[in-house]
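What follows is a set of notes on a single structure, which appears directly below.
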Amino acid sequence: MKNTLKQVFGSGQFMMGFVIISLIVLTIIIYPLFNPGNPLERIGIGTFFKPGTYVSAFDTVNARQFYTLNLPDAEAKRVGSKLSPDDRVSMMEWLVAAGVSEEDIDIEDTDSFVQLWWDTYDPNVRFDSMTTAFRKKIGRIDVALEGILEDMDVIIAKEGEDGSLAQSSVVAGSDYVNVADVANVRFLPLGTDNFGRDVLKEMISACRTSLLIGLLAGAIATLIGLTLGLLSGYIGGIVDDIIMFVTNLFTVIPGFVLLILISFSIGQEQRGAPVVAIVIGLTSWVWTTRSVRAQVVSLRNRDHVNLSKLSGHSLLRILATDILPYIASYVIMAFILQVCSGILAEAQLSMLGLGPKTTEIPTLGLMMYWAMAYTAHLGGAWWAYFPVVILIALISFSLNLMNTGLDQVFNPQLRD
Amino acid sequence: MGKAMLEVRELTTKYITRFHEDVYAVDHVSFTVEEGKSIGIAGESGCGKSTLALSLMGYYFPPLHYTSGDIIIDGKNISGMNPDDVRVKILGTEIAYIPQAAMNALNPTRKILKFIEDVILAHDPKQSKNDIRDLARKRFEVLNLPADVLNRHPVELSGGMKQRTVIAISTILSPKVLIADEPSSALDVTSQKLVIKMIRDMMDMGFIKSMIFITHELPLLYNVTDSILVMYAGQLVESGLAKQMIFDPVHPYSKGLMDSIIVPEEGTRDVKLTAIPGTPPNLKNPPSGCRFADRCKYAQKLCKSFEVSMRKFGEVSPEGDTSERNRAYRCLIPVHELKESYDKEREGGLSS
Amino acid sequence: MKGYRKYFTKKLAWFFITLVFAIILNFLLPRLMPGDPVAQITNKALSGVADAGAAQQVYNQYAELFGTKKPLIVQFGTYIKNLLRGDLGVSFGQYPRSVTEILSSSILWTIGLQFPAIIVGWIVGNFLGALAAYIRKGFDKVLLPISLFIGGLPAFGMAITLLVVVGINLKWLPTSGGYAYNLIPSFSWQFVASVFSHYWLPFLSIVLISIGGQAIGMRSMSIYELNADYVKYSRFLGIKDRKIVWYVFRNAMLPQVTGLALSIGTMVGGALVAEIIFSYPGLGSQIYKGITGSDYPLISGATLIITVMVLSASFIIDIIYGFIDPRVKAAQME
């Protein structure tokens, strides 16, 4: 046993998979300690805020102390954030179409360029060569340019009791606030989703649920598969015939279809995460049954089993002590694969809209479903779905890797 | 003395394990097989006899590696040849092999005739398929194999039939040396007899010019081969004519091996069957001195420190029987002393 | 020949048995669920229908289809009778189109997409797997983890990645639908070109996934075969490596054929979800529509069609396998 464990952990592939999955599990356990609270809390009003650090504008202007920093590139950056190089090219295209010669345009010199734009641009002019989309884009750029060259201070005013505004402070271009002085700063590494939830927090919670679904589904499938496989392989005869008939039947009738039919029939209301896990487990035991049976058949007539039979040991005892230890490695491998396919099945079901009911807990599949439903992929909100895809792939990759490693330990022929 | 078909000189090969350890499974082995003769190699399982069979092919693939020594087939030294040349010019034509587990030796999805075509075309790409078919048919007929086997797949043949088919395929190019590694061990008695008869026929008809027959079943060797080599822990320990080796072994290991079997011939009924106690040494670090010393009941102090090489009887006891001149053994104790101990033991055994 | 006939008869019988059971399950599963699914589904379906007359019609249709009050066996009789006439009921969501009509327009898209994709993925995957087993060393060290990663990816993950990278960021290919939205299906050059360009992304996402899965299977199979006794024996007979590699490839390939028959159901399931990502007008998208619209007849019909497709595919593969593996014949002789 000790030797086997040493071999298993000596396999590079198993170790790599094991390390990845351990890291994921550790994150699931540790992250909520640092960031407690309801993962489904809707903190953002609006959809798909991009990843980054969110600093309270209110707290910033009300900061206790302003610092004056004279940074040489501050102005250029300010303009740059409003006027991207791509915008400049579009503007130049318009200007050239409007008859300005290219030599007269200096795209780099912001002042003269913007001045030229204001002198020339007329929203009512239309060129045949331009698409509507381009015209709209130019229009947006023009609006954004408003006030770009103004170098005026911002006046903060407070509303008096009589409703009049009184200047309370002035924020100059060179005023800075230390982030440490701002009371409310929220780092959202993966932004928010369509409901305004913190994607990272939600994803870690979802990952936990999905792993649990996978484990439950895998445990059910392995238990059914193991029981049927043991009985069918050891008892043989009519029991074997019946079990194998059913198994073969469910091998060819696609499990995915059964999953859809059952999940749909159960209905949205009854479909909690455990129910989904159980349904997945109930529809995916066939492979385990087949492989366990094959193993048991090859063991059935070994000497030690016959000896046990002659000694009058009970069926259960023979199965538990003379058969099970020999197929344990296969069962573990089958279980790992079942967990993996359980997680994928949940994700696919959810993508179809047949996942767990949505109000209570997030799952990886549901996150995908909502991201797709709100067309995050078309709107460029990669943070809402891509990390989820990567996470699912990582889980599946690490489990498969562990399985391949085990396979090589227990099937010496596959070794290098 | 006939022409030497196969001469092996100080051949050493090793396995390199997964943990990069060297295991010398064939350790400075030398012997000669003459034209028309057959030689048997005997020993317990794990003694290196099957590795010797693989090593004699002159073609190595991991984990087996060539270390040193010469393999000379009909005057041509193949041990220095490039592996691709060995494959095209030597394997199948000069030296052929019958594997231990013939059950799986044939590609299950290829018809026998197709496979024979592959074998012949690998050596002579210009042969026409018609010629090959005729050759195969004729050969099968002579060897009493039904010709329709040629159009079957291996899965359609019984075990004995498959083994005989493998033998026919191995010798289809009339090799100079045939190496048979336990060709009949897995078969029932009837099939075994057919296989042995077939091998004898092939020797008689000249399809093979010499043979090395490897087995752990000693009585078989007595029936099939002219002389016998006994191997222990990667080394040869005794060689001689089959009859001498079976009825008058000298090396304590050979003696132990022969005592553990029944030979259906003269004067065996009065011998008690005894097994050799202990297990062969681990070849990763073989013991110094005589490798058998730990299990040998005649071992003396010197045995564990002093390594002996194969010694010819003629050199040890010049006045002995001339027919025993070519026998050789690897033991510190002189021949006559060993024989005396054996005689004493037998008397003791009879009187008790 | 006798062995083959026995094999085919067996497979044909098995095909019909599984078909019958699949139909029974398709009929029974929704009716065995707790509560009154019929009422539930009908209510849900009707809540979306504004036109009172239409609602009544759907309700009647539905009541007739289910025969709610009758015993199960009578319901089953009606079900089979309708099935034999090709009548799968009327869609709730796309009223008044019949389910048969909806499905027959999407089935070609699904077959046209999945059949070539699975076959191409299977061939390329097997080739790469065999290559990895033969070369081992560096190529294997790279290919195995990549295959594991890609093969383990859900089909929709690959679909989204391709869609965003190739379709949206690089703008190389259209991302959605089976053809440009402003075209009407016809045999014009423009339409065919549009179908072709919309085909690539869904096709690639299915192909890549199946390459990964197949390559892993083929690799283990080939390594297993490379260690077989016949390989050693063939080498000792002087047969060239190229020939031996062909033996190994062929022998490792054969179990992969039956493997395909067994795994085709899973592959189709994954591919159906990929269809949704690309809004491909196939069965996958119809199932999605059916689920979001609580369109029971549509889902029931679509799952039945998919089952029949998968069963037929495995049956055909089994038949082909019978022709190419001589071991099948021998096994039937025993």
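Starting from 1 in every chain, residues are counted up; chains themselves are A, B, ... following the order of the structure tokens, and ligands are numbered from 1 as listed.
Distance criterion 12 Å to chain A, applied with only C-alpha atoms, yields Thr17, Arg18, Phe19, Pro62 and Pro63 of chain B on chain B.
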Can I get the selected residues back with C-alpha atoms, as a PDB file, in the first residue's frame?
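Writing the result to out.pdb gives the following:
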ATOM      1  CA  THR B  17      16.203  -0.741 -15.831  1.00  0.00           C
ATOM      2  CA  ARG B  18      13.912   2.232 -15.365  1.00  0.00           C
ATOM      3  CA  PHE B  19      16.127   3.338 -12.541  1.00  0.00           C
ATOM      4  CA  PRO B  62      15.490  -1.348 -25.098  1.00  0.00           C
ATOM      5  CA  PRO B  63      15.690  -2.337 -22.343  1.00  0.00           C
TER       6      PRO B  63
END
Please check the contacts: residues of chain C at most 10 Å away from chain B, using only C-alpha atoms, listed as an mmCIF file with N, CA, C and O atoms, in the first residue's frame.
data_model
loop_
_atom_site.group_PDB
_atom_site.id
_atom_site.type_symbol
_atom_site.label_atom_id
_atom_site.label_comp_id
_atom_site.auth_asym_id
_atom_site.auth_seq_id
_atom_site.Cartn_x
_atom_site.Cartn_y
_atom_site.Cartn_z
ATOM 1 N N GLU C 225 -0.425 -1.866 -28.342
ATOM 2 C CA GLU C 225 -0.135 -2.723 -29.492
ATOM 3 C C GLU C 225 1.357 -2.799 -29.770
ATOM 4 O O GLU C 225 1.874 -3.831 -30.171
ATOM 5 N N ALA C 228 2.980 -5.473 -28.088
ATOM 6 C CA ALA C 228 2.434 -6.807 -28.306
ATOM 7 C C ALA C 228 3.522 -7.738 -28.827
ATOM 8 O O ALA C 228 4.508 -7.316 -29.424
ATOM 9 N N ASP C 229 3.306 -9.038 -28.584
ATOM 10 C CA ASP C 229 4.306 -10.025 -28.996
ATOM 11 C C ASP C 229 4.541 -10.031 -30.497
ATOM 12 O O ASP C 229 5.655 -10.257 -30.953
ATOM 13 N N TYR C 230 3.470 -9.787 -31.249
ATOM 14 C CA TYR C 230 3.647 -9.894 -32.701
ATOM 15 C C TYR C 230 4.594 -8.846 -33.242
ATOM 16 O O TYR C 230 5.228 -9.025 -34.274
ATOM 17 N N VAL C 231 4.700 -7.712 -32.545
ATOM 18 C CA VAL C 231 5.625 -6.671 -32.994
ATOM 19 C C VAL C 231 7.060 -7.159 -32.862
ATOM 20 O O VAL C 231 7.870 -7.054 -33.785
ATOM 21 N N LYS C 232 7.351 -7.748 -31.715
ATOM 22 C CA LYS C 232 8.690 -8.272 -31.473
ATOM 23 C C LYS C 232 9.013 -9.377 -32.486
ATOM 24 O O LYS C 232 10.085 -9.402 -33.091
ATOM 25 N N TYR C 233 8.051 -10.266 -32.649
ATOM 26 C CA TYR C 233 8.265 -11.397 -33.555
ATOM 27 C C TYR C 233 8.494 -10.913 -34.990
ATOM 28 O O TYR C 233 9.401 -11.376 -35.677
ATOM 29 N N SER C 234 7.679 -9.933 -35.409
ATOM 30 C CA SER C 234 7.828 -9.416 -36.775
ATOM 31 C C SER C 234 9.205 -8.785 -36.956
ATOM 32 O O SER C 234 9.837 -8.931 -37.999
ATOM 33 N N ARG C 235 9.676 -8.093 -35.926
ATOM 34 C CA ARG C 235 11.009 -7.502 -36.019
ATOM 35 C C ARG C 235 12.066 -8.577 -36.185
ATOM 36 O O ARG C 235 12.979 -8.452 -36.985
ATOM 37 N N PHE C 236 11.908 -9.657 -35.415
ATOM 38 C CA PHE C 236 12.906 -10.722 -35.475
ATOM 39 C C PHE C 236 12.863 -11.480 -36.779
ATOM 40 O O PHE C 236 13.749 -12.267 -37.079
ATOM 41 N N LEU C 237 11.804 -11.281 -37.548
ATOM 42 C CA LEU C 237 11.765 -11.907 -38.869
ATOM 43 C C LEU C 237 12.313 -10.949 -39.917
ATOM 44 O O LEU C 237 12.291 -11.250 -41.104
ATOM 45 N N GLY C 238 12.773 -9.812 -39.479
ATOM 46 C CA GLY C 238 13.389 -8.865 -40.407
ATOM 47 C C GLY C 238 12.406 -7.963 -41.128
ATOM 48 O O GLY C 238 12.782 -7.253 -42.052
ATOM 49 N N ILE C 239 11.124 -7.986 -40.726
ATOM 50 C CA ILE C 239 10.150 -7.111 -41.387
ATOM 51 C C ILE C 239 10.459 -5.661 -41.035
ATOM 52 O O ILE C 239 10.831 -5.347 -39.902
ATOM 53 N N LYS C 240 10.299 -4.778 -42.039
ATOM 54 C CA LYS C 240 10.692 -3.378 -41.837
ATOM 55 C C LYS C 240 9.751 -2.648 -40.881
ATOM 56 O O LYS C 240 8.570 -2.954 -40.796
ATOM 57 N N ASP C 241 10.299 -1.644 -40.201
ATOM 58 C CA ASP C 241 9.533 -0.873 -39.235
ATOM 59 C C ASP C 241 8.275 -0.262 -39.834
ATOM 60 O O ASP C 241 7.234 -0.208 -39.205
ATOM 61 N N LYS C 243 6.356 -1.304 -42.138
ATOM 62 C CA LYS C 243 5.298 -2.317 -42.226
ATOM 63 C C LYS C 243 4.714 -2.594 -40.829
ATOM 64 O O LYS C 243 3.504 -2.684 -40.660
ATOM 65 N N ILE C 244 5.604 -2.720 -39.861
ATOM 66 C CA ILE C 244 5.144 -3.052 -38.511
ATOM 67 C C ILE C 244 4.286 -1.922 -37.954
ATOM 68 O O ILE C 244 3.259 -2.161 -37.314
ATOM 69 N N TYR C 247 0.914 -2.387 -39.196
ATOM 70 C CA TYR C 247 0.181 -3.417 -38.434
ATOM 71 C C TYR C 247 -0.408 -2.785 -37.175
ATOM 72 O O TYR C 247 -1.577 -2.956 -36.841
ATOM 73 N N VAL C 248 0.482 -2.105 -36.444
ATOM 74 C CA VAL C 248 0.097 -1.543 -35.156
ATOM 75 C C VAL C 248 -1.024 -0.528 -35.333
ATOM 76 O O VAL C 248 -2.018 -0.530 -34.617
ATOM 77 N N ARG C 250 -3.207 -0.244 -37.722
ATOM 78 C CA ARG C 250 -4.457 -0.885 -38.094
ATOM 79 C C ARG C 250 -5.109 -1.565 -36.896
ATOM 80 O O ARG C 250 -6.305 -1.422 -36.646
ATOM 81 N N ASN C 251 -4.314 -2.296 -36.133
ATOM 82 C CA ASN C 251 -4.868 -3.034 -35.003
ATOM 83 C C ASN C 251 -5.340 -2.116 -33.887
ATOM 84 O O ASN C 251 -6.277 -2.443 -33.163
ATOM 85 N N LEU C 254 -8.807 -0.405 -34.971
ATOM 86 C CA LEU C 254 -10.053 -1.173 -34.964
ATOM 87 C C LEU C 254 -10.862 -0.970 -33.678
ATOM 88 O O LEU C 254 -12.067 -0.684 -33.760
ATOM 89 N N ILE C 324 -14.422 -4.932 -41.397
ATOM 90 C CA ILE C 324 -12.984 -4.692 -41.425
ATOM 91 C C ILE C 324 -12.201 -5.472 -40.378
ATOM 92 O O ILE C 324 -11.009 -5.607 -40.489
ATOM 93 N N ASP C 325 -12.852 -6.012 -39.359
ATOM 94 C CA ASP C 325 -12.082 -6.763 -38.371
ATOM 95 C C ASP C 325 -12.368 -8.256 -38.459
ATOM 96 O O ASP C 325 -13.471 -8.692 -38.156
ATOM 97 N N PRO C 326 -11.371 -9.040 -38.881
ATOM 98 C CA PRO C 326 -11.577 -10.483 -39.017
ATOM 99 C C PRO C 326 -11.898 -11.157 -37.692
ATOM 100 O O PRO C 326 -12.470 -12.231 -37.668
ATOM 101 N N ARG C 327 -11.548 -10.504 -36.590
ATOM 102 C CA ARG C 327 -11.788 -11.124 -35.292
ATOM 103 C C ARG C 327 -13.277 -11.280 -35.018
ATOM 104 O O ARG C 327 -13.693 -12.185 -34.304
ATOM 105 N N VAL C 328 -14.075 -10.368 -35.593
ATOM 106 C CA VAL C 328 -15.521 -10.447 -35.409
ATOM 107 C C VAL C 328 -16.047 -11.776 -35.922
ATOM 108 O O VAL C 328 -16.795 -12.480 -35.261
ATOM 109 N N LYS C 329 -15.581 -12.138 -37.097
ATOM 110 C CA LYS C 329 -16.025 -13.372 -37.722
ATOM 111 C C LYS C 329 -15.664 -14.555 -36.826
ATOM 112 O O LYS C 329 -16.476 -15.423 -36.563
ATOM 113 N N ALA C 330 -14.425 -14.560 -36.349
ATOM 114 C CA ALA C 330 -13.966 -15.669 -35.526
ATOM 115 C C ALA C 330 -14.784 -15.762 -34.244
ATOM 116 O O ALA C 330 -15.144 -16.852 -33.807
ATOM 117 N N ALA C 331 -15.103 -14.596 -33.662
ATOM 118 C CA ALA C 331 -15.833 -14.591 -32.403
ATOM 119 C C ALA C 331 -17.211 -15.216 -32.578
ATOM 120 O O ALA C 331 -17.721 -15.878 -31.682
ATOM 121 N N MET C 333 -17.954 -17.562 -34.587
ATOM 122 C CA MET C 333 -17.850 -18.989 -34.864
ATOM 123 C C MET C 333 -17.833 -19.814 -33.583
ATOM 124 O O MET C 333 -18.152 -20.979 -33.591
ATOM 125 N N GLU C 334 -17.403 -19.190 -32.493
ATOM 126 C CA GLU C 334 -17.214 -19.934 -31.248
ATOM 127 C C GLU C 334 -18.513 -20.545 -30.742
ATOM 128 O O GLU C 334 -19.556 -19.953 -30.907
#
Close residues, Phe278 of chain C itself excluded, 9 Å, only C-alpha atoms, min 3 positions apart in chain, as a PDB file with N, CA, C and O atoms, in the first residue's frame:
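What follows is the written file out39.pdb:
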ATOM      1  N   ALA C 159     -16.040  26.414 -28.258  1.00  0.00           N
ATOM      2  CA  ALA C 159     -16.858  27.205 -29.168  1.00  0.00           C
ATOM      3  C   ALA C 159     -16.740  28.695 -28.837  1.00  0.00           C
ATOM      4  O   ALA C 159     -16.521  29.526 -29.726  1.00  0.00           O
ATOM      5  N   ILE C 160     -16.847  29.044 -27.555  1.00  0.00           N
ATOM      6  CA  ILE C 160     -16.789  30.460 -27.182  1.00  0.00           C
ATOM      7  C   ILE C 160     -15.415  31.036 -27.472  1.00  0.00           C
ATOM      8  O   ILE C 160     -15.277  32.143 -28.002  1.00  0.00           O
ATOM      9  N   LEU C 163     -15.067  31.537 -31.102  1.00  0.00           N
ATOM     10  CA  LEU C 163     -15.971  32.609 -31.534  1.00  0.00           C
ATOM     11  C   LEU C 163     -15.375  33.977 -31.216  1.00  0.00           C
ATOM     12  O   LEU C 163     -15.338  34.858 -32.070  1.00  0.00           O
ATOM     13  N   THR C 175     -19.879  34.891 -36.873  1.00  0.00           N
ATOM     14  CA  THR C 175     -19.963  34.219 -35.582  1.00  0.00           C
ATOM     15  C   THR C 175     -21.299  33.586 -35.293  1.00  0.00           C
ATOM     16  O   THR C 175     -21.420  32.814 -34.357  1.00  0.00           O
ATOM     17  N   SER C 176     -22.303  33.908 -36.052  1.00  0.00           N
ATOM     18  CA  SER C 176     -23.612  33.498 -35.598  1.00  0.00           C
ATOM     19  C   SER C 176     -24.512  33.101 -36.765  1.00  0.00           C
ATOM     20  O   SER C 176     -24.473  33.706 -37.832  1.00  0.00           O
ATOM     21  N   GLY C 177     -25.302  32.048 -36.529  1.00  0.00           N
ATOM     22  CA  GLY C 177     -26.246  31.609 -37.539  1.00  0.00           C
ATOM     23  C   GLY C 177     -25.642  30.608 -38.499  1.00  0.00           C
ATOM     24  O   GLY C 177     -24.447  30.311 -38.458  1.00  0.00           O
ATOM     25  N   GLY C 178     -26.486  30.061 -39.369  1.00  0.00           N
ATOM     26  CA  GLY C 178     -26.025  29.094 -40.356  1.00  0.00           C
ATOM     27  C   GLY C 178     -25.724  29.764 -41.675  1.00  0.00           C
ATOM     28  O   GLY C 178     -25.069  29.224 -42.547  1.00  0.00           O
ATOM     29  N   LEU C 201     -16.531  27.946 -37.994  1.00  0.00           N
ATOM     30  CA  LEU C 201     -16.316  28.040 -36.549  1.00  0.00           C
ATOM     31  C   LEU C 201     -16.966  26.894 -35.767  1.00  0.00           C
ATOM     32  O   LEU C 201     -16.296  26.243 -34.977  1.00  0.00           O
ATOM     33  N   PRO C 202     -18.271  26.632 -35.978  1.00  0.00           N
ATOM     34  CA  PRO C 202     -18.847  25.493 -35.263  1.00  0.00           C
ATOM     35  C   PRO C 202     -18.126  24.186 -35.605  1.00  0.00           C
ATOM     36  O   PRO C 202     -17.848  23.376 -34.732  1.00  0.00           O
ATOM     37  N   ALA C 274     -22.617  23.257 -28.423  1.00  0.00           N
ATOM     38  CA  ALA C 274     -21.806  24.177 -29.226  1.00  0.00           C
ATOM     39  C   ALA C 274     -22.683  24.908 -30.245  1.00  0.00           C
ATOM     40  O   ALA C 274     -22.459  26.079 -30.556  1.00  0.00           O
ATOM     41  N   GLU C 275     -23.691  24.208 -30.766  1.00  0.00           N
ATOM     42  CA  GLU C 275     -24.598  24.832 -31.735  1.00  0.00           C
ATOM     43  C   GLU C 275     -25.262  26.079 -31.153  1.00  0.00           C
ATOM     44  O   GLU C 275     -25.437  27.087 -31.836  1.00  0.00           O
ATOM     45  N   PRO C 281     -28.564  26.915 -36.797  1.00  0.00           N
ATOM     46  CA  PRO C 281     -29.996  26.542 -36.874  1.00  0.00           C
ATOM     47  C   PRO C 281     -30.250  25.038 -36.801  1.00  0.00           C
ATOM     48  O   PRO C 281     -31.099  24.527 -37.515  1.00  0.00           O
ATOM     49  N   SER C 285     -30.009  24.169 -31.114  1.00  0.00           N
ATOM     50  CA  SER C 285     -30.665  25.454 -30.895  1.00  0.00           C
ATOM     51  C   SER C 285     -32.165  25.280 -30.695  1.00  0.00           C
ATOM     52  O   SER C 285     -32.787  26.019 -29.935  1.00  0.00           O
TER      53      SER C 285
END
Original post:
Got a sec to pull out which chain C residues are within 6 Å of chain A, counting only C-alpha atoms, and send them as a list of chain:residue names?
Top reply: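 Per the criterion, chain C yields C:Thr18, C:Pro30, C:Phe149, C:Gly152, C:Leu153, C:Gly157, C:Gly265, C:Gly269, C:Tyr288, C:Thr303.
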DSSP strand (DSSP E) selection over segment 201-263 of chain B, as a PDB file with N, CA, C and O atoms, in the first residue's frame:
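Writing the result to states24.pdb gives the following:
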ATOM      1  N   SER B 210      21.007 -25.652 -38.139  1.00  0.00           N
ATOM      2  CA  SER B 210      21.379 -25.924 -36.751  1.00  0.00           C
ATOM      3  C   SER B 210      20.315 -25.298 -35.866  1.00  0.00           C
ATOM      4  O   SER B 210      19.551 -24.454 -36.331  1.00  0.00           O
ATOM      5  N   MET B 211      20.287 -25.723 -34.592  1.00  0.00           N
ATOM      6  CA  MET B 211      19.208 -25.218 -33.754  1.00  0.00           C
ATOM      7  C   MET B 211      19.646 -25.049 -32.305  1.00  0.00           C
ATOM      8  O   MET B 211      20.463 -25.811 -31.793  1.00  0.00           O
ATOM      9  N   ILE B 212      19.092 -24.021 -31.706  1.00  0.00           N
ATOM     10  CA  ILE B 212      19.262 -23.844 -30.267  1.00  0.00           C
ATOM     11  C   ILE B 212      17.872 -23.938 -29.656  1.00  0.00           C
ATOM     12  O   ILE B 212      16.950 -23.225 -30.063  1.00  0.00           O
ATOM     13  N   PHE B 213      17.727 -24.858 -28.720  1.00  0.00           N
ATOM     14  CA  PHE B 213      16.402 -25.139 -28.159  1.00  0.00           C
ATOM     15  C   PHE B 213      16.432 -24.809 -26.676  1.00  0.00           C
ATOM     16  O   PHE B 213      17.209 -25.358 -25.916  1.00  0.00           O
ATOM     17  N   ILE B 214      15.586 -23.867 -26.300  1.00  0.00           N
ATOM     18  CA  ILE B 214      15.610 -23.412 -24.920  1.00  0.00           C
ATOM     19  C   ILE B 214      14.381 -23.917 -24.192  1.00  0.00           C
ATOM     20  O   ILE B 214      13.253 -23.794 -24.692  1.00  0.00           O
ATOM     21  N   SER B 227      23.362 -31.824 -27.684  1.00  0.00           N
ATOM     22  CA  SER B 227      24.088 -31.499 -26.458  1.00  0.00           C
ATOM     23  C   SER B 227      23.299 -30.460 -25.654  1.00  0.00           C
ATOM     24  O   SER B 227      22.338 -29.883 -26.145  1.00  0.00           O
ATOM     25  N   ILE B 228      23.733 -30.256 -24.422  1.00  0.00           N
ATOM     26  CA  ILE B 228      22.984 -29.395 -23.512  1.00  0.00           C
ATOM     27  C   ILE B 228      23.935 -28.429 -22.804  1.00  0.00           C
ATOM     28  O   ILE B 228      25.045 -28.802 -22.426  1.00  0.00           O
ATOM     29  N   LEU B 229      23.490 -27.186 -22.678  1.00  0.00           N
ATOM     30  CA  LEU B 229      24.195 -26.212 -21.841  1.00  0.00           C
ATOM     31  C   LEU B 229      23.306 -25.917 -20.644  1.00  0.00           C
ATOM     32  O   LEU B 229      22.097 -25.780 -20.793  1.00  0.00           O
ATOM     33  N   VAL B 230      23.917 -25.832 -19.459  1.00  0.00           N
ATOM     34  CA  VAL B 230      23.120 -25.438 -18.296  1.00  0.00           C
ATOM     35  C   VAL B 230      23.536 -24.032 -17.898  1.00  0.00           C
ATOM     36  O   VAL B 230      24.720 -23.704 -17.842  1.00  0.00           O
ATOM     37  N   MET B 231      22.532 -23.174 -17.665  1.00  0.00           N
ATOM     38  CA  MET B 231      22.798 -21.778 -17.366  1.00  0.00           C
ATOM     39  C   MET B 231      22.345 -21.455 -15.954  1.00  0.00           C
ATOM     40  O   MET B 231      21.313 -21.953 -15.490  1.00  0.00           O
ATOM     41  N   TYR B 232      23.132 -20.647 -15.277  1.00  0.00           N
ATOM     42  CA  TYR B 232      22.733 -20.221 -13.935  1.00  0.00           C
ATOM     43  C   TYR B 232      23.149 -18.770 -13.736  1.00  0.00           C
ATOM     44  O   TYR B 232      24.311 -18.412 -13.913  1.00  0.00           O
ATOM     45  N   GLN B 235      25.248 -17.036 -16.380  1.00  0.00           N
ATOM     46  CA  GLN B 235      26.482 -17.679 -16.840  1.00  0.00           C
ATOM     47  C   GLN B 235      26.208 -19.128 -17.202  1.00  0.00           C
ATOM     48  O   GLN B 235      25.289 -19.754 -16.687  1.00  0.00           O
ATOM     49  N   LEU B 236      27.065 -19.684 -18.091  1.00  0.00           N
ATOM     50  CA  LEU B 236      27.000 -21.115 -18.334  1.00  0.00           C
ATOM     51  C   LEU B 236      27.697 -21.799 -17.161  1.00  0.00           C
ATOM     52  O   LEU B 236      28.714 -21.316 -16.663  1.00  0.00           O
ATOM     53  N   VAL B 237      27.135 -22.921 -16.688  1.00  0.00           N
ATOM     54  CA  VAL B 237      27.819 -23.625 -15.606  1.00  0.00           C
ATOM     55  C   VAL B 237      28.292 -25.021 -16.027  1.00  0.00           C
ATOM     56  O   VAL B 237      29.193 -25.577 -15.430  1.00  0.00           O
ATOM     57  N   GLU B 238      27.653 -25.573 -17.063  1.00  0.00           N
ATOM     58  CA  GLU B 238      28.145 -26.867 -17.529  1.00  0.00           C
ATOM     59  C   GLU B 238      27.666 -27.117 -18.948  1.00  0.00           C
ATOM     60  O   GLU B 238      26.590 -26.684 -19.343  1.00  0.00           O
ATOM     61  N   SER B 239      28.506 -27.828 -19.736  1.00  0.00           N
ATOM     62  CA  SER B 239      28.081 -28.204 -21.073  1.00  0.00           C
ATOM     63  C   SER B 239      28.557 -29.612 -21.379  1.00  0.00           C
ATOM     64  O   SER B 239      29.578 -30.062 -20.855  1.00  0.00           O
ATOM     65  N   GLY B 240      27.795 -30.298 -22.215  1.00  0.00           N
ATOM     66  CA  GLY B 240      28.169 -31.657 -22.587  1.00  0.00           C
ATOM     67  C   GLY B 240      27.114 -32.258 -23.484  1.00  0.00           C
ATOM     68  O   GLY B 240      26.111 -31.609 -23.812  1.00  0.00           O
ATOM     69  N   LEU B 241      27.332 -33.531 -23.903  1.00  0.00           N
ATOM     70  CA  LEU B 241      26.336 -34.201 -24.733  1.00  0.00           C
ATOM     71  C   LEU B 241      25.066 -34.428 -23.915  1.00  0.00           C
ATOM     72  O   LEU B 241      25.134 -34.564 -22.679  1.00  0.00           O
TER      73      LEU B 241
END
Subject >> Every residue of segment 118-304 of chain C that DSSP places in helix (DSSP H, G or I), as a count of residues only >> reply: 151
Subject >> For Lys255 of chain B: contacts at 10 Å, only C-alpha atoms, fewer than 3 positions along chain excluded, given as a list in words >> reply: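 Near neighbours after the sequence-gap exclusion: Met245, Ile246, Phe247, Asp248, Pro249, Val250, His251, Pro252, Met258, Asp259, Ser260, Ile276, Leu338 and Tyr342 of chain B.
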